[in-house]
Each structure stands twice: as structure tokens, then as C-alpha cells.
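What follows is a single structure, written as C-alpha cells, with notes after it.
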Amino acid sequence: MGPCLCVSLSLCVSVSVRVQIQQGIVVYVCFFHGASEAVTFDIAKKLMTTKFFRRDRHIVSVLDLPGSVLLIPQDSLVGQPLPNRRMAFRGGCEMWLGAQLFSRLVSACRELLNGSPKSAQAGTTVEYGVYGQKQEIVLNSPEPLSLLLDF
């Protein structure tokens, strides 16, 4: 799982559907073989409460900022290079299970965001891409900060 901080982002989910967030966090999500529903709330809690953002000489979480969240399914994170300059995508969970876990993660993040008075007052949202579908992304970020979180 890799979060990225952003000022604005637009994700084209399909020809007619585009989701957007302003200030917040972009999270690329991949579930490995053996992942279970039991970890989705823990992942959401860590994503929402970990202090990623610099604000007035302090480091704050997406809930404290307050900021929005965009979750993007990214199964290519399980890719491993092979000797012949090709990639092997092994180790990811089954497609149906990944979609189910992704849906649970979105719900858990929404629950935490809705439970935050700062976030509710600011009108922040949790948006998401579609699992198993190619998507186009446009990201504007003042700091190229990306982190890899392994749960």
C-alpha cells in the first residue's frame, strides 16, 4: 500500500465517471495472497491517523488536516522483475477477494472520516477507483512524497 500526498487529483474511472479530491491523500492499494477482511479496519485506521502532512510546523493526519482520501486499486504493486526484463505478477489475492477487501477498506475509511468532527465540517470525502479496471489519473502535488506501507 502506498500513500501519496496531493493538492488536487482527478481520476477517470470510465468515459463518463470522474472522481476528484482536493487536498488529501492518495492511496494505491494492493492485497496480497492470504489477506483477509479482518485487517481492513486496521489498515483504514492507520491510514487515517498516521501523521503525513506538514501544517504550521506540526505533522498532522488526514483527519486532523482535514483532508480527503482517494483509494486506487493497484494490483501491479505485486510485480516482480524477471531476469529477461519482463515482469511477473504473482502473490496477489484472487480478483473477487481483492474487490471485496477493497470495498471493505473504502467503507472503513468513510466510517472514520464521517466520525471526525473536523472532516465533517470541512466536507471532506473518501473517493475510490474501480477494482480490476484501467484508470487514468491526474495528480498535482507540491511535494513528491510517497510512502510504502505493508500490512
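Ligands are numbered from 1 in the order shown, residues from 1 within each chain, and chains are lettered A, B, ... in the order they appear in the C-alpha cells.
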
Please identify every residue of region 82-111 of chain A that has at least one atom no farther than 7 Å from an atom of region 122-143 of chain A, counting only C-alpha atoms, and for each give the shortest atom pair and the distance in Å to one decimal, arranged by chain then increasing number, as CSV.
```
residue,atom,partner,partner_atom,distance
A:Ala99,CA,A:Tyr131,CA,5.6
A:Cys109,CA,A:Val126,CA,6.9
A:Arg110,CA,A:Val126,CA,5.8
```

Quiz item: Quick one: residues within 12 Å of Arg90 (chain A), only C-alpha atoms counted, chain neighbours fewer than 3 positions away excluded, as a list in words?
Solution: Cys30, Phe31, Phe32, His33, Asp75, Ser76, Leu77, Val78, Gly79, Gln80, Pro81, Leu82, Met87, Cys93 and Glu94 of chain A

Practice problem: Output as a ChimeraX atom specification all residues of region 58-111 of chain A that backbone DSSP marks as alpha helix (DSSP H). | Solution: /A:95-111

Practice problem: Enumerate the residues of chain A with a DSSP assignment of strand (DSSP E), computed from the backbone, and present them as a VMD selection string. | Solution: chain A and resid 2 to 6 8 to 12 18 to 21 24 to 29 53 to 55 58 to 60 68 to 73 79 to 81 87 to 89 126 to 128 136 to 140

Exercise. Name the residues in contact with Pro117 (chain A) at a cut-off of 10 Å, using only C-alpha atoms, excluding same-chain residues fewer than 6 positions from it; report them as JSON, numbers by chain.
Key: {"A": [63, 64, 66, 123]}

Practice problem: For CA of Ser119 (chain A) and CA of Gly67 (chain A), quote the distance in Å rounded to one decimal. | Solution: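 Computing it gives 7.0 Å between the two atoms.
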
Exercise. Please indicate the distance in Å from CA of Ser61 (chain A) to CA of Gln23 (chain A), rounded to one decimal place.
Key: 12.1 Å

Quiz prompt | Contact residues around region 43-45 of chain A with only C-alpha atoms at 12 Å, ignoring same-chain residues under 2 positions, as an MDAnalysis selection string | solution = chainID A and resid 1:3 27 29:31 35:41 47:51 61:63 69 71 101:113 115 126 149:151

Quiz prompt | Straight-line distance linking CA of Gly98 (chain A) with CA of Gln74 (chain A), stated in Å to one decimal | solution =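 Computing it gives 10.4 Å between the two atoms.
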